[in-house]
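Enquirer: Provided below: run_19.cif, containing mmCIF, C-alpha atoms.
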```cif
data_work
loop_
_atom_site.label_atom_id
_atom_site.label_comp_id
_atom_site.auth_asym_id
_atom_site.auth_seq_id
_atom_site.Cartn_x
_atom_site.Cartn_y
_atom_site.Cartn_z
CA MET C 291 103.25 -21.00 -26.84
CA LYS C 292 101.19 -17.87 -27.24
CA VAL C 293 97.51 -18.36 -28.05
CA LYS C 294 96.55 -16.69 -31.31
CA PRO C 295 93.40 -14.52 -31.48
CA TYR C 296 91.59 -16.97 -33.79
CA GLN C 297 92.41 -19.80 -31.36
CA GLU C 298 90.93 -17.78 -28.52
CA LYS C 299 87.81 -17.35 -30.61
CA ILE C 300 87.60 -21.10 -31.26
CA LEU C 301 87.97 -21.81 -27.54
CA TYR C 302 85.17 -19.33 -26.81
CA GLN C 303 83.02 -20.93 -29.52
CA TYR C 304 83.55 -24.37 -27.97
CA GLN C 305 82.29 -23.03 -24.68
CA THR C 306 79.38 -21.25 -26.37
CA GLN C 307 78.19 -24.39 -28.16
CA GLU C 308 78.17 -26.29 -24.85
CA MET C 309 76.16 -23.51 -23.20
CA LEU C 310 73.71 -23.46 -26.10
CA LEU C 311 73.25 -27.23 -25.95
CA SER C 312 72.52 -26.84 -22.24
CA LYS C 313 69.91 -24.19 -23.01
CA LEU C 314 68.32 -26.31 -25.75
CA TYR C 315 68.07 -29.32 -23.46
CA SER C 316 66.60 -27.14 -20.73
CA ILE C 317 63.88 -25.99 -23.14
CA PHE C 318 63.21 -29.61 -24.09
CA ALA C 319 62.77 -30.35 -20.36
CA GLN C 320 60.09 -27.64 -20.19
CA LYS C 321 58.36 -28.61 -23.43
CA PHE C 322 58.33 -32.36 -22.86
CA PRO C 323 57.39 -32.93 -19.20
CA GLU C 324 57.28 -36.71 -19.70
CA TYR C 325 61.06 -36.52 -20.32
CA ARG C 326 61.79 -33.61 -17.96
CA VAL C 327 64.25 -35.45 -15.69
CA PHE C 328 66.18 -36.82 -18.68
CA TRP C 329 66.56 -33.44 -20.41
CA GLU C 330 67.31 -31.57 -17.17
CA LYS C 331 70.17 -33.96 -16.41
CA LEU C 332 71.62 -33.52 -19.90
CA SER C 333 71.27 -29.76 -19.59
CA LEU C 334 73.16 -29.73 -16.29
CA GLU C 335 75.89 -31.91 -17.76
CA GLU C 336 76.29 -29.62 -20.79
CA ASN C 337 76.54 -26.67 -18.43
CA LYS C 338 79.30 -28.54 -16.60
CA HIS C 339 81.01 -29.19 -19.95
CA ALA C 340 80.94 -25.47 -20.72
CA ARG C 341 82.68 -24.77 -17.38
CA LEU C 342 85.26 -27.50 -18.07
CA VAL C 343 85.97 -26.07 -21.54
CA GLU C 344 86.38 -22.65 -19.93
CA LYS C 345 88.91 -24.12 -17.46
CA LEU C 346 90.78 -25.80 -20.31
CA SER C 347 90.80 -22.50 -22.20
CA GLN C 348 92.25 -20.72 -19.18
CA ALA C 349 94.86 -23.46 -18.87
CA VAL C 350 95.78 -22.96 -22.54
CA VAL C 351 96.34 -19.24 -21.93
CA LYS C 352 98.49 -20.06 -18.88
CA GLY C 353 100.55 -22.55 -20.89
CA LEU C 354 99.37 -25.56 -18.86
CA VAL C 355 97.53 -27.11 -21.81
CA THR C 356 98.32 -26.93 -25.50
CA PHE C 357 95.71 -26.28 -28.16
CA ASP C 358 95.96 -27.21 -31.82
CA GLU C 359 92.74 -26.44 -33.66
CA GLY C 360 93.67 -28.66 -36.60
CA LYS C 361 91.16 -28.14 -39.41
CA ILE C 362 88.56 -26.45 -37.18
CA LYS C 363 87.64 -23.02 -38.53
CA THR C 364 85.88 -20.20 -36.73
CA TYR C 365 83.35 -19.79 -39.55
CA ALA C 366 82.37 -23.46 -39.32
CA LEU C 367 81.82 -23.18 -35.57
CA GLU C 368 79.87 -19.97 -36.15
CA THR C 369 77.53 -21.85 -38.50
CA PHE C 370 77.12 -24.60 -35.89
CA ILE C 371 76.32 -21.99 -33.20
CA LYS C 372 73.84 -20.12 -35.41
CA HIS C 373 72.04 -23.37 -36.16
CA LEU C 374 71.80 -24.12 -32.44
CA GLU C 375 70.38 -20.63 -31.84
CA THR C 376 67.76 -21.27 -34.55
CA LEU C 377 66.84 -24.59 -32.93
CA ILE C 378 66.52 -22.89 -29.55
CA ALA C 379 64.08 -20.38 -31.05
CA LYS C 380 62.08 -23.17 -32.68
CA ALA C 381 62.04 -25.16 -29.44
CA GLU C 382 60.84 -22.11 -27.50
CA ASN C 383 58.05 -21.65 -30.05
CA GLY C 384 56.97 -25.28 -29.78
CA GLU C 385 58.06 -26.12 -33.32
CA ILE C 386 60.03 -29.22 -32.33
CA GLN C 387 58.39 -32.53 -31.44
CA ALA C 388 59.76 -34.85 -28.74
CA ARG C 389 61.02 -37.45 -31.24
CA THR C 390 62.77 -34.75 -33.24
CA ALA C 391 64.41 -33.46 -30.04
CA PHE C 392 66.07 -36.84 -29.52
CA THR C 393 67.28 -36.95 -33.12
CA LEU C 394 68.72 -33.44 -32.84
CA ALA C 395 70.50 -34.30 -29.60
CA VAL C 396 72.07 -37.43 -31.11
CA ASP C 397 73.18 -35.43 -34.16
CA TYR C 398 74.79 -32.65 -32.13
CA GLU C 399 76.47 -34.89 -29.58
CA THR C 400 77.78 -37.14 -32.38
CA SER C 401 79.13 -34.17 -34.32
CA LEU C 402 81.14 -33.10 -31.25
CA ILE C 403 82.72 -36.55 -31.10
CA GLU C 404 83.25 -36.84 -34.86
CA LYS C 405 84.96 -33.45 -34.97
CA ASN C 406 87.17 -34.60 -32.10
CA VAL C 407 86.50 -31.26 -30.45
CA PHE C 408 88.06 -32.23 -27.14
CA THR C 409 91.12 -33.93 -28.61
CA HIS C 410 92.48 -30.61 -29.88
CA PHE C 411 93.74 -29.96 -26.37
CA GLY C 412 97.08 -31.39 -25.32
CA ALA C 413 97.17 -32.21 -21.64
CA LEU C 414 100.39 -31.32 -19.87
CA THR C 415 99.08 -32.17 -16.39
CA GLU C 416 97.13 -35.07 -14.91
CA LYS C 417 94.30 -32.71 -14.00
CA SER C 418 93.89 -31.51 -17.59
CA LYS C 419 94.06 -35.12 -18.86
CA SER C 420 91.28 -35.98 -16.44
CA VAL C 421 89.12 -33.07 -17.63
CA MET C 422 89.49 -34.10 -21.26
CA LYS C 423 88.67 -37.72 -20.48
CA ILE C 424 85.51 -36.58 -18.67
CA LEU C 425 84.40 -34.43 -21.61
CA ILE C 426 84.93 -37.20 -24.15
CA ALA C 427 83.40 -39.96 -22.02
CA GLU C 428 80.35 -37.92 -21.02
CA THR C 429 79.69 -36.79 -24.58
CA GLN C 430 79.83 -40.40 -25.76
CA GLU C 431 77.56 -41.38 -22.88
CA HIS C 432 75.10 -38.64 -23.90
CA ILE C 433 74.83 -40.19 -27.35
CA GLU C 434 74.02 -43.61 -25.91
CA ARG C 435 71.52 -42.28 -23.36
CA VAL C 436 69.73 -40.18 -25.96
CA LYS C 437 69.55 -43.15 -28.35
CA VAL C 438 67.99 -45.31 -25.62
CA MET C 439 65.40 -42.63 -24.83
CA GLN C 440 64.77 -42.10 -28.53
CA GLN C 441 63.93 -45.78 -28.95
CA LYS C 442 61.60 -45.68 -25.95
CA ALA C 443 59.83 -42.63 -27.39
CA GLU C 444 59.08 -44.30 -30.73
#
```
Write the structure described by the file as structure tokens, please.
Expert:
Amino acid sequence: MKVKPYQEKILYQYQTQEMLLSKLYSIFAQKFPEYRVFWEKLSLEENKHARLVEKLSQAVVKGLVTFDEGKIKTYALETFIKHLETLIAKAENGEIQARTAFTLAVDYETSLIEKNVFTHFGALTEKSKSVMKILIAETQEHIERVKVMQQKAE
């Protein structure tokens, strides 16, 4: 199955949102030194997710993984990405408080799960199945870890 141009754009947007989350969490690590280790770990994991999404995207192009975007639209992902870019600018300017950072992280991680972002890929190999399981499990784990830290911060 040939990948359509809009599907390629969606795959790129998936990777971009993971990279932006990594950047946001990295800024939180700088701005909130009392939570530095926590945010740095999340940032590294989001960076890993971006690389995994890139590998899945390459596998889609090679025909090793299928991709069905379902109801996901490029304009919706673009809005999501623009909002992340705005949050990054606010975080860099010190306009986000630590408690708000936790709330934002829970919201973004939850939206990735609720949109079933990673279930739009169809694994044709054990390796690709493993990658998708990692992405889903780690995103769900992020939600739980952030919620725990959020409670501690209150």
Enquirer: Counting all atoms listed in the file, which residue out of C:Gln441, C:Ala388, C:Tyr365, C:Glu298 sits closest to Pro323 in chain C?
Expert: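 Counting all atoms listed in the file, the residue closest to Pro323 in chain C is C:Ala388.
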Enquirer: Counting all atoms listed in the file, which of C:Met309, C:Val293, C:Val407, C:Val438 gets nearest to Lys363 in chain C?
Expert: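 Distance minimum relative to Lys363 in chain C lands on C:Val407.
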Enquirer: Have a look at C:Leu311, C:Ala379, C:Met439, C:Leu342 and name the one nearest to Tyr398 in chain C; count only C-alpha atoms.
Expert: C:Leu311
Enquirer: Would you translate the PyMOL selection byres ((chain C and resi 327-338) around 9) into the concrete set of residues it matches in this file, as a ChimeraX atom specification?
Expert: /C:308-320,322-326,339-343,428-429,432,435-436,439
Enquirer: Here's the selection I'm unsure about, the PyMOL selection byres ((chain C and resi 403) around 10); applied to the file above, which residues does it give, as a VMD selection string?
Expert: chain C and resid 398 to 402 404 to 409 425 to 427 429 to 430 433
